[in-house]
Amino acid sequence: MIFKGKRKLLSVLTAAVMLAGTAGAVVPTAGAAADPVNLISNSTFDTGTKDWAIYKESGGAATLSTTSDGRLAVNISSLGKVNYAVQLYYDIVPLYENATYHMHFEISSSTDRFVEFMIQQNGGKYTAYNWKGLDLTSEPLVMDYEFTMDYETDIMSKLCFNLGIQKTEPDIPQEHTIYLDNVSLELVDDSAVNYEEVGPYKPKIIANQIGYRPNDKKTAVVRADGGDTFKVVNADTKETVYTGTLGAPVTNKSADETDRVADFSEVKEPGTYYISCGSLDDSYPFVIAEKPYEKLMNDSIRMFYLQRCGCEVEDADFGHKACHAEMATVYGTNDKIDVTGGWHDAGDYGRYTVAAAKAVADLMYAYLANPTMFNDKVGIPESGNGTPDILDETRYELEWMLKMQASSGGVYHKVSCATFPGYVMPTAETKPLIVTPISSTATADFCASMALAAEVYADVDAEFAGKCLAAAKKSWDYLQQNPQFNFSNPRDISTGDYGDKTDKDERYWAACQMFRATGDETYLSGISTVSAGLDWSTVGDYGNIALATMKANGKAEDLVAKAKAQLEKAAMTSETIVKGSPYGSPVSLYAWGSNMTIANAGIVLSMQGRQEAADEVLSYLLGRNPLGTCFVTGFGTVAPEAPHHRPSMAVGKAQPGMLVGGVNSALEDSAAKAYCKTEPAAKCYIDNAESYSTNEITIYWNSPLVYLLAVTEAAQHSDPQQTTESTTTTTTTESTTTTTSTSASSETTETTASSSETSSETSKDDPSKLHLGDVNCSGKVDISDAVLLARFVAEQTDANVSAQGKKNADVNKNGNLENDDVTLILKYIAKLVKEF
C-alpha cells in the first residue's frame with residue numbers, strides 16, 4: 001500500500017498534536033535533486049543478477065543470468081497464460097509526489113515481440129505510476145526520458161517488465177531471451193515535493209493509550225529533554241493531579257534513543273489524563289478506570305466471530321454471506337469431505353489446525369483463569385443464550401477442528417486453496433479447497449485442545465465435552481501408533497505451511513492435557529523432562545500450565561514440580577528483560593509476530609505473580625512502545641489503519657479489535673525493507689497493508705491478548721492492597737515535589753465524578769447560542785472537547801455531554817455524533833480548517 005502522507009497526517013490530528021519531524025529512513029537529504037544519483041543498484045549488472053528477480057505464475061517459466069558482455073539475460077521457456085506470468089522486477093523504488101525523474105535503460109530480445117515496462121504500486125491495485133509499451137527486436141531499444149510522479153508518495157514501488165504472453169502477439173516463440181542493460185533512475189527535480197508529509201509523527205511522551213486500572217503499574221516514557229519533572233493532568237479539568245520526578249536517563253540501544261521513565265502508579269482516581277513534561281507535546285490521552293479494557297476485551301473476542309468461515313457473518317462493514325461452503329478434496333485422493341466452519345486463520349482465508357489449537361487453548365485458559373470477566377453480550381449470534389460468548393465462539397472453532405479428524409484418529413494439517421487469494425472478501429475466493437495430509441503436530445495439538453475442551457465444557461454441555469474427550473483419546477491412539485514425526489506439506493500448495501522441525505513439544509502438551517483431563521498417569525509414561533513455549537510451533541508451556549494449574553491430586557508430583565519450575569524460570573527471565581527496558585518489553589529479539597511473544601511473556605509473568613512486569617507488558621502492546629502505536633486496530637489514539645488483512649483491504653478500513661504482528665527487525669517484506677531499512681531493531685514496524693511480516697493479524701495473536709487481559713484483570717482483583725474504602729470527596733493540589741490523589745471506591749468515585757461533570761457542564765449551557773466544537777461548553781474549543789467527544793462516541797460510561805454540548809459537537813451538521821466530528825474538531829484546533 002502507498003505510504004499516504006495525508007492519511008498519516010490525519011493520524012496525527014487524531015492524536016491532537018501538530019505534525020513535527022519526519023522519518024529519516026525515507027526522506028532524502030537536502031539537495032538530492034541538484035546532485036542526482038542512480039536509485040537502481042547493480043544497474044549495469046557488474047555483480048551478476050544481484051537485486052533483480054523474476055516473478056512467475058500461471059505457467060510462466062524463466063531464469064536469470066548475465067552475458068559475457070555484462071547484460072542481464074531473462075531466459076524464457078514458457079510465456080504462461082497472462083502478461084505478468086513472467087515478470088522481471090527490481091524491488092523498492094522510492095517515488096515522491098510531484099518529483100521529476102530521469103529514466104534510462106537499453107533492452108532487446110532474441111525474437112521480435114512486445115513487452116511492458118512500468119514502475120508500479122507494489123501490491124494493492126498495482127497502479128502503474130509510469131508505463132511504456134515496448135516493441136523489441138534484436139537491436140537494443142534505448143529508452144531515455146523524464147516523467148513526474150503524479151500520485152501520492154510511494155517509497156516502495158516496483159520497477160518491472162511484464163514478459164509473459166501478450167494477447168496482441170499470441171504466436172511468440174515460447175523459448176527466447178530478453179536482454180537488459182544500463183538501467184538508471186534519477187531524481188532530477190524535487191522542488192515541488194512536500195517532504196513533511198513523509199513519515200508519521202513521533203511523540204516524545206509515550207503512555208498506554210487505552211488506560212490503566214487503579215492498581216496497575218503505570219509508567220510513561222519521555223524520550224526528549226523536557227526537564228526533570230513531569231505532570232499528570234486531568235484532560236477534562238486541566239488540573240495537575242500529580243507531579244513527579246523522571247527516572248535517570250537510560251540508553252536504549254534497541255530503539256536508538258535515550259529514555260526516562262515517568263512512574264505515576266500512585267494516581268488511582270478514575271478519569272481521563274495525559275502526561276506533560278516541560279515544553280514537549282503532551283502524551284496522548286488515557287483513562288484510569290476499574291474496567292478500562294472491557295470494550296477492548298469484547299472486540300478482541302468478536303474479532304474471532306468476524307473471522308468465521310462457512311456461515312453468514314453479520315456486520316455493517318465486514319459482514320458477508322457464507323464462504324468456503326463447498327466440499328474439500330483430500331490431497332492426493334479423489335475423496336471429498338466436509339470441513340466447513342472454523343475461523344480464517346489470518347490475513348488470508350486458510351484454516352490451520354496447529355494455529356487453531358493455540359488459539360482455542362488461549363481462550364479456554366483465559367476463561368478458566370478469570371470466568372467473571374467474560375460476558376454474554378459481545379455481539380455474536382449466540383449472545384444472550386446464557387453462556388459466556390468466549391465459550392460459544394471457541395466452540396465454533398472446536399466444531400470445525402472435529403471435522404478435521406480422519407477416521408484413523410490422525411488430524412489433517414490444514415484446508416486452503418492451492419494459492420493465496422487476491423485482496424478480496426472471503427466469498428470471492430472460489431478456487432477448489434484442498435485438505436492437506438495428516439501431521440503429527442496437528443494431531444497432538446488437536447488431542448491437547450480437545451482434552452482441555454472436555455474440561456471447560458463439562459458444565460456447559462456434557463454431551464459436547466464427552467465428544468471432545470473421545471476425539472482426544474482417538475488422536476492419542478494415533479500418536480502412539482505413529483511415533484515418528486510425520487509432517488508433510490505438499491510443494492504445490494503455496495499457502496502457509498505451519499511446518500515444524502519436531503513434534504516432541506506437541507506430544508508433551510497432549511500428554512499433560514490428557515493426564516489433567518483423566519487423572520490417568522499412564523499418559524505421562526516415559527516423560528521425564530518438560531518442554532517450553534507458547535507459540536504455535538513450540539507449545540510445551542501449555543503442558544506446563546496444564547500441570548501447574550490443575551487441582552492437586554498427589555500424582556506425578558515430580559513432573560508437576562518441574563512444570564512449575566519451568567514457568568518460574570521463564571517468568572524470571574522475562575522480568576529481568578522488562579526491568580531493563582524503558583518500554584517494559586520482555587523480549588530482546590524482535591522477530592515475526594513479536595507481539596504474540598510479548599503477550600505470551602506477560603501471561604506467564606502474571607501467572608507467576610510478577611504483576612508489575614505483566615502490567616508493563618500489556619502497556620507496551622497498548623501504546624507505550626517506541627512506535628507510539630497501540631497495536632490493536634480501532635483502539636487508542638494511533639492504531640494500525642492498514643493491516644495485512646484481506647477483509648480490511650477489501651473494505652478500505654481496518655477491522656477493529658485485531659492485534660497486529662508488531663516489530664520485526666528481520667525486514668521480511670518489501671514494505672518493511674523500504675520503510676524500516678535504517679530504523680533500529682525496536683522500531684522496525686510499518687503500518688502498511690503490504691507489510692505481512694509486521695502488520696498482519698491472526699487468530700493466535702489475538703488469543704494471547706485475550707488471555708493476558710484475563711490474567712492481569714484477575715490479579716488486579718486479588719490484590720490485597722485493593723480497598724473498598726468510600727470517599728465522597730477527593731482533593732488534589734499541585735506542588736513542586738510530589739502530589740498524590742486519594743483513591744475512592746470505584747462506584748462512589750465514578751458517580752461523584754459524573755455528577756460533578758454533569759453539574760459543571762449544565763451550568764455553562766447556553767441554549768440560545770450554538771458554539772460549534774465546544775463540546776464541554778467551556779466557552780472555547782480545545783483538545784478537551786475532542787477528548788470528551790471521542791470518549792462519548794466510544795460509549796465510555798463516565799463521558800457525559802450535556803444537551804447543549806451535543807448540539808455544539810455536531811460540527812459536520814449531519815445530525816449524528818461520530819468520529820468524523822472528532823476529526824473535524826481536531827483539524828480546527830490544528831488550524832487546518834478555519835470554520836465548521
# chains A, B, ... in the order shown; residues from 1 in each chain; ligands from 1
$ closest_atom_pairs --of "region 557-627 of chain A" --to "region 685-705 of chain A" --cutoff "7 Å" --atoms "only C-alpha atoms" --output "CSV"
residue,atom,partner,partner_atom,distance
A:Trp592,CA,A:Ser693,CA,5.9
A:Met596,CA,A:Trp701,CA,5.1
A:Ala599,CA,A:Pro704,CA,5.8
A:Asn600,CA,A:Pro704,CA,6.1
$ write_last_selection --atoms "N, CA and C atoms" --output "short mmCIF file (atom, residue, chain, number, x, y, z; two decimals), in the first residue's frame"
data_model
loop_
_atom_site.label_atom_id
_atom_site.label_comp_id
_atom_site.auth_asym_id
_atom_site.auth_seq_id
_atom_site.Cartn_x
_atom_site.Cartn_y
_atom_site.Cartn_z
N TRP A 592 9.30 -12.13 13.76
CA TRP A 592 7.94 -12.17 13.22
C TRP A 592 6.94 -12.53 14.33
N MET A 596 2.88 -11.35 19.72
CA MET A 596 2.43 -12.60 20.32
C MET A 596 3.42 -13.05 21.40
N ALA A 599 2.99 -10.86 24.41
CA ALA A 599 1.78 -11.20 25.15
C ALA A 599 1.95 -12.51 25.91
N ASN A 600 2.56 -13.50 25.25
CA ASN A 600 2.82 -14.78 25.92
C ASN A 600 3.64 -14.58 27.19
#
$ residues_around --residues "Tyr305 (chain A)" --least-positions-apart "4" --cutoff "9 Å" --atoms "only C-alpha atoms" --output "list in words"
Ile301, Cys309, Val313, Trp343, Gly379, Ile380, Pro381, Glu393 and Tyr396 of chain A
$ write_last_selection --atoms "N, CA, C and O atoms" --output "PDB file, in the first residue's frame"
ATOM      1  N   ILE A 301     -12.540 -10.457  21.290  1.00  0.00           N
ATOM      2  CA  ILE A 301     -13.240 -11.732  21.138  1.00  0.00           C
ATOM      3  C   ILE A 301     -14.108 -11.722  19.886  1.00  0.00           C
ATOM      4  O   ILE A 301     -14.161 -12.704  19.133  1.00  0.00           O
ATOM      5  N   CYS A 309     -15.754 -18.697   9.134  1.00  0.00           N
ATOM      6  CA  CYS A 309     -15.845 -19.223   7.784  1.00  0.00           C
ATOM      7  C   CYS A 309     -17.057 -20.151   7.700  1.00  0.00           C
ATOM      8  O   CYS A 309     -17.440 -20.771   8.692  1.00  0.00           O
ATOM      9  N   VAL A 313     -21.893 -13.966   8.187  1.00  0.00           N
ATOM     10  CA  VAL A 313     -21.384 -13.103   9.248  1.00  0.00           C
ATOM     11  C   VAL A 313     -22.104 -11.765   9.144  1.00  0.00           C
ATOM     12  O   VAL A 313     -22.126 -11.149   8.084  1.00  0.00           O
ATOM     13  N   TRP A 343     -12.449 -20.670  11.849  1.00  0.00           N
ATOM     14  CA  TRP A 343     -12.037 -19.275  11.663  1.00  0.00           C
ATOM     15  C   TRP A 343     -11.003 -19.184  10.559  1.00  0.00           C
ATOM     16  O   TRP A 343     -10.108 -20.032  10.467  1.00  0.00           O
ATOM     17  N   GLY A 379     -21.696  -9.597  20.996  1.00  0.00           N
ATOM     18  CA  GLY A 379     -22.264  -9.252  19.700  1.00  0.00           C
ATOM     19  C   GLY A 379     -22.042 -10.329  18.662  1.00  0.00           C
ATOM     20  O   GLY A 379     -21.673 -10.034  17.522  1.00  0.00           O
ATOM     21  N   ILE A 380     -22.268 -11.582  19.059  1.00  0.00           N
ATOM     22  CA  ILE A 380     -22.207 -12.711  18.137  1.00  0.00           C
ATOM     23  C   ILE A 380     -23.596 -13.338  18.107  1.00  0.00           C
ATOM     24  O   ILE A 380     -24.438 -13.025  18.952  1.00  0.00           O
ATOM     25  N   PRO A 381     -23.907 -14.207  17.155  1.00  0.00           N
ATOM     26  CA  PRO A 381     -25.254 -14.775  17.080  1.00  0.00           C
ATOM     27  C   PRO A 381     -25.710 -15.463  18.364  1.00  0.00           C
ATOM     28  O   PRO A 381     -26.909 -15.494  18.673  1.00  0.00           O
ATOM     29  N   GLU A 393     -17.953 -18.805  21.072  1.00  0.00           N
ATOM     30  CA  GLU A 393     -17.088 -18.545  19.926  1.00  0.00           C
ATOM     31  C   GLU A 393     -16.003 -19.606  19.798  1.00  0.00           C
ATOM     32  O   GLU A 393     -15.684 -20.065  18.693  1.00  0.00           O
ATOM     33  N   TYR A 396     -17.225 -22.760  18.189  1.00  0.00           N
ATOM     34  CA  TYR A 396     -17.348 -22.721  16.732  1.00  0.00           C
ATOM     35  C   TYR A 396     -16.077 -23.248  16.073  1.00  0.00           C
ATOM     36  O   TYR A 396     -16.132 -23.964  15.073  1.00  0.00           O
TER      37      TYR A 396
END
$ residues_around --residues "Met425 (chain A)" --least-positions-apart "3" --cutoff "7 Å" --atoms "only C-alpha atoms" --output "ChimeraX atom specification"
/A:428,646-647,650
$ write_last_selection --atoms "N, CA, C and O atoms" --output "mmCIF file, in the first residue's frame"
data_model
loop_
_atom_site.group_PDB
_atom_site.id
_atom_site.type_symbol
_atom_site.label_atom_id
_atom_site.label_comp_id
_atom_site.auth_asym_id
_atom_site.auth_seq_id
_atom_site.Cartn_x
_atom_site.Cartn_y
_atom_site.Cartn_z
ATOM 1 N N ALA A 428 -15.304 -14.156 -2.273
ATOM 2 C CA ALA A 428 -14.735 -14.056 -3.620
ATOM 3 C C ALA A 428 -13.626 -15.069 -3.854
ATOM 4 O O ALA A 428 -13.120 -15.189 -4.978
ATOM 5 N N ARG A 646 -7.184 -9.287 4.482
ATOM 6 C CA ARG A 646 -7.935 -9.128 3.244
ATOM 7 C C ARG A 646 -9.286 -8.446 3.407
ATOM 8 O O ARG A 646 -9.630 -7.577 2.608
ATOM 9 N N PRO A 647 -10.090 -8.776 4.407
ATOM 10 C CA PRO A 647 -11.351 -8.030 4.551
ATOM 11 C C PRO A 647 -11.120 -6.534 4.757
ATOM 12 O O PRO A 647 -11.825 -5.706 4.180
ATOM 13 N N ALA A 650 -10.120 -5.080 1.468
ATOM 14 C CA ALA A 650 -11.239 -5.026 0.529
ATOM 15 C C ALA A 650 -12.223 -3.921 0.892
ATOM 16 O O ALA A 650 -12.734 -3.217 0.016
#
$ atom_distance --atom1 "CA of Gly70 (chain A)" --atom2 "CA of Asp46 (chain A)"
6.5 Å
$ select_by_dssp --residues "region 116-336 of chain A" --states "alpha helix (DSSP H)" --output "PDB file with C-alpha atoms, in the first residue's frame"
ATOM      1  CA  GLU A 294     -13.999  -4.077  28.756  1.00  0.00           C
ATOM      2  CA  LYS A 295     -14.622  -2.895  25.185  1.00  0.00           C
ATOM      3  CA  LEU A 296     -11.146  -3.999  24.156  1.00  0.00           C
ATOM      4  CA  MET A 297     -11.861  -7.469  25.510  1.00  0.00           C
ATOM      5  CA  ASN A 298     -15.231  -7.686  23.785  1.00  0.00           C
ATOM      6  CA  ASP A 299     -13.895  -6.528  20.424  1.00  0.00           C
ATOM      7  CA  SER A 300     -10.852  -8.800  20.729  1.00  0.00           C
ATOM      8  CA  ILE A 301     -13.240 -11.732  21.138  1.00  0.00           C
ATOM      9  CA  ARG A 302     -15.632 -10.518  18.444  1.00  0.00           C
ATOM     10  CA  MET A 303     -12.653 -10.488  16.099  1.00  0.00           C
ATOM     11  CA  PHE A 304     -12.937 -14.285  16.038  1.00  0.00           C
ATOM     12  CA  TYR A 305     -16.588 -14.054  15.023  1.00  0.00           C
ATOM     13  CA  LEU A 306     -15.642 -11.751  12.150  1.00  0.00           C
TER      14      LEU A 306
END
$ residues_around --residues "Pro483 (chain A)" --least-positions-apart "6" --cutoff "12 Å" --atoms "only C-alpha atoms" --output "tab-separated table (two decimals) with all heavy atoms, in the first residue's frame"
chain	number	residue	atom	x	y	z
A	439	SER	N	-0.78	-34.63	9.92
A	439	SER	CA	0.54	-34.40	10.51
A	439	SER	C	0.49	-34.74	11.99
A	439	SER	O	-0.56	-34.62	12.62
A	439	SER	CB	1.00	-32.95	10.30
A	439	SER	OG	0.31	-32.07	11.17
A	440	SER	N	1.61	-35.15	12.53
A	440	SER	CA	1.64	-35.50	13.96
A	440	SER	C	1.52	-34.24	14.81
A	440	SER	O	0.97	-34.29	15.92
A	440	SER	CB	2.92	-36.26	14.30
A	440	SER	OG	4.07	-35.49	13.97
A	441	THR	N	2.01	-33.11	14.32
A	441	THR	CA	1.88	-31.89	15.11
A	441	THR	C	0.42	-31.47	15.21
A	441	THR	O	-0.06	-31.08	16.29
A	441	THR	CB	2.71	-30.75	14.48
A	441	THR	OG1	2.38	-30.65	13.09
A	441	THR	CG2	4.19	-31.01	14.64
A	443	THR	N	-2.13	-33.46	14.93
A	443	THR	CA	-2.82	-34.48	15.72
A	443	THR	C	-2.59	-34.28	17.22
A	443	THR	O	-3.52	-34.36	18.02
A	443	THR	CB	-2.36	-35.88	15.29
A	443	THR	OG1	-2.57	-36.04	13.89
A	443	THR	CG2	-3.12	-36.96	16.04
A	444	ALA	N	-1.34	-34.00	17.60
A	444	ALA	CA	-1.03	-33.81	19.03
A	444	ALA	C	-1.67	-32.53	19.56
A	444	ALA	O	-2.23	-32.51	20.67
A	444	ALA	CB	0.48	-33.78	19.22
A	476	TRP	N	-4.94	-39.54	20.43
A	476	TRP	CA	-3.84	-40.05	21.25
A	476	TRP	C	-3.42	-41.44	20.77
A	476	TRP	O	-2.23	-41.73	20.64
A	476	TRP	CB	-4.24	-40.10	22.72
A	476	TRP	CG	-3.17	-40.69	23.59
A	476	TRP	CD1	-3.04	-42.00	23.98
A	476	TRP	CD2	-2.03	-40.01	24.13
A	476	TRP	NE1	-1.91	-42.17	24.73
A	476	TRP	CE2	-1.27	-40.96	24.84
A	476	TRP	CE3	-1.60	-38.68	24.08
A	476	TRP	CZ2	-0.09	-40.62	25.50
A	476	TRP	CZ3	-0.42	-38.36	24.74
A	476	TRP	CH2	0.31	-39.30	25.45
A	477	ASP	N	-4.40	-42.28	20.49
A	477	ASP	CA	-4.08	-43.63	20.00
A	477	ASP	C	-3.32	-43.56	18.68
A	477	ASP	O	-2.39	-44.34	18.44
A	477	ASP	CB	-5.37	-44.43	19.82
A	477	ASP	CG	-6.03	-44.78	21.15
A	477	ASP	OD1	-5.34	-44.72	22.19
A	477	ASP	OD2	-7.25	-45.07	21.14
A	502	THR	N	10.09	-30.54	14.87
A	502	THR	CA	9.90	-31.63	15.82
A	502	THR	C	8.48	-31.60	16.35
A	502	THR	O	7.84	-30.54	16.36
A	502	THR	CB	10.90	-31.52	17.00
A	502	THR	OG1	10.63	-32.56	17.94
A	502	THR	CG2	10.76	-30.18	17.70
A	503	ASP	N	8.01	-32.75	16.79
A	503	ASP	CA	6.68	-32.81	17.39
A	503	ASP	C	6.75	-33.19	18.88
A	503	ASP	O	5.74	-33.50	19.50
A	503	ASP	CB	5.79	-33.80	16.65
A	503	ASP	CG	6.29	-35.25	16.75
A	503	ASP	OD1	7.38	-35.47	17.33
A	503	ASP	OD2	5.61	-36.14	16.23
A	504	LYS	N	7.96	-33.15	19.45
A	504	LYS	CA	8.12	-33.56	20.84
A	504	LYS	C	7.34	-32.67	21.81
A	504	LYS	O	6.75	-33.14	22.78
A	504	LYS	CB	9.60	-33.58	21.22
A	504	LYS	CG	10.39	-34.69	20.54
A	504	LYS	CD	11.85	-34.70	21.00
A	504	LYS	CE	12.61	-35.83	20.34
A	504	LYS	NZ	14.05	-35.86	20.76
A	507	ARG	N	3.59	-33.41	21.52
A	507	ARG	CA	3.25	-34.66	22.20
A	507	ARG	C	3.30	-34.47	23.72
A	507	ARG	O	2.50	-35.06	24.46
A	507	ARG	CB	4.22	-35.78	21.77
A	507	ARG	CG	3.99	-36.25	20.33
A	507	ARG	CD	5.03	-37.27	19.89
A	507	ARG	NE	4.86	-37.69	18.52
A	507	ARG	CZ	4.18	-38.77	18.11
A	507	ARG	NH1	3.61	-39.55	19.02
A	507	ARG	NH2	4.08	-39.06	16.84
$ select_by_dssp --residues "region 129-329 of chain A" --states "strand (DSSP E or B)" --output "PyMOL selection string"
chain A and resi 129-136+141-148+154-162+166+169+176-189+205-206+211-212+219-222+229-234+240-245+250-252+257-263+271-276+286-288+308+313+320+328-329
$ atom_distance --atom1 "CA of Asp259 (chain A)" --atom2 "CA of Tyr293 (chain A)"
27.1 Å
$ residues_around --residues "Tyr151 (chain A)" --least-positions-apart "2" --cutoff "12 Å" --atoms "only C-alpha atoms" --output "JSON, numbers by chain"
{"A": [2, 3, 4, 5, 95, 96, 97, 98, 99, 100, 119, 120, 121, 127, 128, 129, 130, 147, 148, 149, 153, 154, 155, 157, 193]}
$ write_last_selection --atoms "N, CA, C and O atoms" --output "CSV table (one decimal), in the first residue's frame"
chain,number,residue,atom,x,y,z
A,2,ILE,N,0.4,2.3,-0.6
A,2,ILE,CA,1.1,3.5,-0.6
A,2,ILE,C,1.2,4.1,0.8
A,2,ILE,O,0.3,4.0,1.6
A,3,PHE,N,2.4,4.7,1.0
A,3,PHE,CA,2.5,5.4,2.3
A,3,PHE,C,1.9,6.8,2.2
A,3,PHE,O,2.5,7.7,1.6
A,4,LYS,N,0.7,6.9,2.6
A,4,LYS,CA,-0.1,8.1,2.4
A,4,LYS,C,0.2,9.2,3.4
A,4,LYS,O,-0.2,9.1,4.5
A,5,GLY,N,0.9,10.2,3.0
A,5,GLY,CA,1.3,11.3,3.9
A,5,GLY,C,0.0,12.0,4.5
A,5,GLY,O,0.0,12.3,5.7
A,95,LEU,N,9.4,6.8,-4.9
A,95,LEU,CA,8.9,7.8,-5.8
A,95,LEU,C,8.1,8.8,-4.9
A,95,LEU,O,7.2,8.4,-4.1
A,96,TYR,N,8.4,10.1,-5.1
A,96,TYR,CA,7.8,11.2,-4.3
A,96,TYR,C,6.8,12.0,-5.2
A,96,TYR,O,7.1,12.3,-6.3
A,97,GLU,N,5.7,12.3,-4.6
A,97,GLU,CA,4.7,13.0,-5.3
A,97,GLU,C,5.2,14.4,-5.8
A,97,GLU,O,5.9,15.1,-5.0
A,98,ASN,N,5.0,14.7,-7.0
A,98,ASN,CA,5.4,16.0,-7.7
A,98,ASN,C,6.9,16.0,-8.1
A,98,ASN,O,7.4,17.0,-8.6
A,99,ALA,N,7.6,14.9,-7.8
A,99,ALA,CA,9.1,14.9,-8.1
A,99,ALA,C,9.2,14.5,-9.6
A,99,ALA,O,8.4,13.7,-10.2
A,100,THR,N,10.3,15.0,-10.2
A,100,THR,CA,10.6,14.6,-11.6
A,100,THR,C,11.8,13.7,-11.7
A,100,THR,O,12.8,13.9,-11.0
A,119,ILE,N,6.8,1.3,-13.7
A,119,ILE,CA,7.1,1.5,-12.2
A,119,ILE,C,5.7,1.5,-11.6
A,119,ILE,O,4.9,2.4,-11.9
A,120,GLN,N,5.4,0.6,-10.7
A,120,GLN,CA,4.1,0.4,-10.2
A,120,GLN,C,4.0,0.2,-8.7
A,120,GLN,O,5.0,0.0,-8.0
A,121,GLN,N,2.8,0.3,-8.2
A,121,GLN,CA,2.5,0.1,-6.8
A,121,GLN,C,2.8,-1.4,-6.5
A,121,GLN,O,2.4,-2.3,-7.3
A,127,THR,N,-1.2,-0.2,-9.2
A,127,THR,CA,-1.3,1.0,-10.0
A,127,THR,C,0.0,1.3,-10.7
A,127,THR,O,1.1,1.3,-10.1
A,128,ALA,N,0.0,1.5,-12.0
A,128,ALA,CA,1.2,1.9,-12.8
A,128,ALA,C,1.4,3.4,-12.8
A,128,ALA,O,0.6,4.2,-13.3
A,129,TYR,N,2.5,3.8,-12.1
A,129,TYR,CA,2.8,5.2,-12.0
A,129,TYR,C,3.5,5.7,-13.3
A,129,TYR,O,3.3,6.9,-13.6
A,130,ASN,N,4.2,4.8,-13.9
A,130,ASN,CA,4.8,5.2,-15.2
A,130,ASN,C,4.8,3.9,-16.1
A,130,ASN,O,5.2,2.8,-15.6
A,147,PHE,N,9.8,11.8,-16.4
A,147,PHE,CA,8.4,11.8,-16.0
A,147,PHE,C,8.3,12.3,-14.6
A,147,PHE,O,9.2,12.4,-13.8
A,148,THR,N,7.1,12.8,-14.3
A,148,THR,CA,6.7,13.4,-13.0
A,148,THR,C,5.8,12.4,-12.3
A,148,THR,O,4.9,11.9,-12.9
A,149,MET,N,6.1,12.2,-11.0
A,149,MET,CA,5.2,11.3,-10.2
A,149,MET,C,3.9,12.1,-9.9
A,149,MET,O,3.9,13.0,-9.1
A,153,THR,N,3.0,9.9,-2.7
A,153,THR,CA,4.3,9.3,-2.5
A,153,THR,C,4.2,7.9,-2.2
A,153,THR,O,3.4,7.4,-1.4
A,154,ASP,N,5.1,7.1,-2.8
A,154,ASP,CA,5.2,5.7,-2.6
A,154,ASP,C,6.7,5.3,-2.6
A,154,ASP,O,7.3,5.2,-3.7
A,155,ILE,N,7.3,5.1,-1.5
A,155,ILE,CA,8.7,4.8,-1.5
A,155,ILE,C,9.0,3.3,-1.6
A,155,ILE,O,10.2,2.9,-1.6
A,157,SER,N,7.7,1.4,-4.4
A,157,SER,CA,7.2,1.0,-5.7
A,157,SER,C,8.1,0.0,-6.3
A,157,SER,O,9.3,-0.2,-5.9
A,193,VAL,N,8.2,18.9,-4.0
A,193,VAL,CA,7.9,17.8,-3.1
A,193,VAL,C,7.8,18.4,-1.7
A,193,VAL,O,8.6,19.2,-1.2
$ closest_residue --among "A:Asp615, A:Asp820, A:Asp392, A:Asp810" --to "Lys218 (chain A)" --atoms "only C-alpha atoms"
A:Asp615
$ closest_residue --among "A:Ala316, A:Ala451, A:Ala639, A:Val354" --to "Asp500 (chain A)" --atoms "only C-alpha atoms"
A:Val354
$ residues_around --residues "Leu180 (chain A)" --least-positions-apart "3" --cutoff "8 Å" --atoms "only C-alpha atoms" --output "list in words"
Arg71, Leu72, Ala73, Phe105, Glu106, Ile107, Ser108 and Val183 of chain A
$ residues_around --residues "Val456 (chain A)" --least-positions-apart "4" --cutoff "10 Å" --atoms "only C-alpha atoms" --output "MDAnalysis selection string"
chainID A and resid 364:365 367:368 391 450:452 460:462 465 517
$ closest_residue --among "A:Lys467, A:Lys414, A:Lys473, A:Arg308" --to "Glu397 (chain A)" --atoms "only C-alpha atoms"
A:Arg308
$ closest_residue --among "A:Phe836, A:Tyr274, A:Trp400, A:Tyr508" --to "Ile205 (chain A)" --atoms "only C-alpha atoms"
A:Tyr274
$ atom_distance --atom1 "CA of Met143 (chain A)" --atom2 "CA of Pro173 (chain A)"
24.5 Å
$ closest_residue --among "A:Gly48, A:Gly554, A:Pro643, A:Gly593" --to "Asp348 (chain A)" --atoms "only C-alpha atoms"
A:Pro643
$ closest_residue --among "A:Leu79, A:Gly271, A:Cys323, A:Phe485" --to "Thr427 (chain A)" --atoms "only C-alpha atoms"
A:Cys323
$ closest_atom_pairs --of "region 255-372 of chain A" --to "region 541-545 of chain A" --cutoff "10 Å" --atoms "only C-alpha atoms" --output "tab-separated table"
residue	atom	partner	partner_atom	distance
A:Lys358	CA	A:Tyr542	CA	8.8
A:Ala361	CA	A:Tyr542	CA	8.0
A:Asp362	CA	A:Tyr542	CA	8.9
A:Tyr365	CA	A:Ile545	CA	8.9
$ decode --residues "region 171-179 of chain A" --atoms "N, CA and C atoms" --output "tab-separated table (two decimals), in the first residue's frame"
chain	number	residue	atom	x	y	z
A	171	ASP	N	1.58	-15.58	-31.03
A	171	ASP	CA	2.46	-16.56	-31.67
A	171	ASP	C	3.94	-16.37	-31.37
A	172	ILE	N	4.24	-15.70	-30.25
A	172	ILE	CA	5.64	-15.52	-29.87
A	172	ILE	C	6.24	-16.89	-29.54
A	173	PRO	N	7.45	-17.18	-29.97
A	173	PRO	CA	8.11	-18.43	-29.58
A	173	PRO	C	8.21	-18.52	-28.05
A	174	GLN	N	7.87	-19.66	-27.52
A	174	GLN	CA	7.91	-19.81	-26.07
A	174	GLN	C	9.33	-19.63	-25.54
A	175	GLU	N	10.30	-20.14	-26.21
A	175	GLU	CA	11.68	-20.05	-25.73
A	175	GLU	C	12.42	-18.92	-26.46
A	176	HIS	N	12.82	-17.91	-25.70
A	176	HIS	CA	13.60	-16.81	-26.24
A	176	HIS	C	14.24	-16.06	-25.07
A	177	THR	N	15.02	-15.03	-25.36
A	177	THR	CA	15.76	-14.33	-24.31
A	177	THR	C	15.58	-12.82	-24.45
A	178	ILE	N	15.35	-12.17	-23.33
A	178	ILE	CA	15.28	-10.71	-23.25
A	178	ILE	C	16.58	-10.22	-22.60
A	179	TYR	N	17.16	-9.17	-23.18
A	179	TYR	CA	18.41	-8.63	-22.66
A	179	TYR	C	18.18	-7.20	-22.14
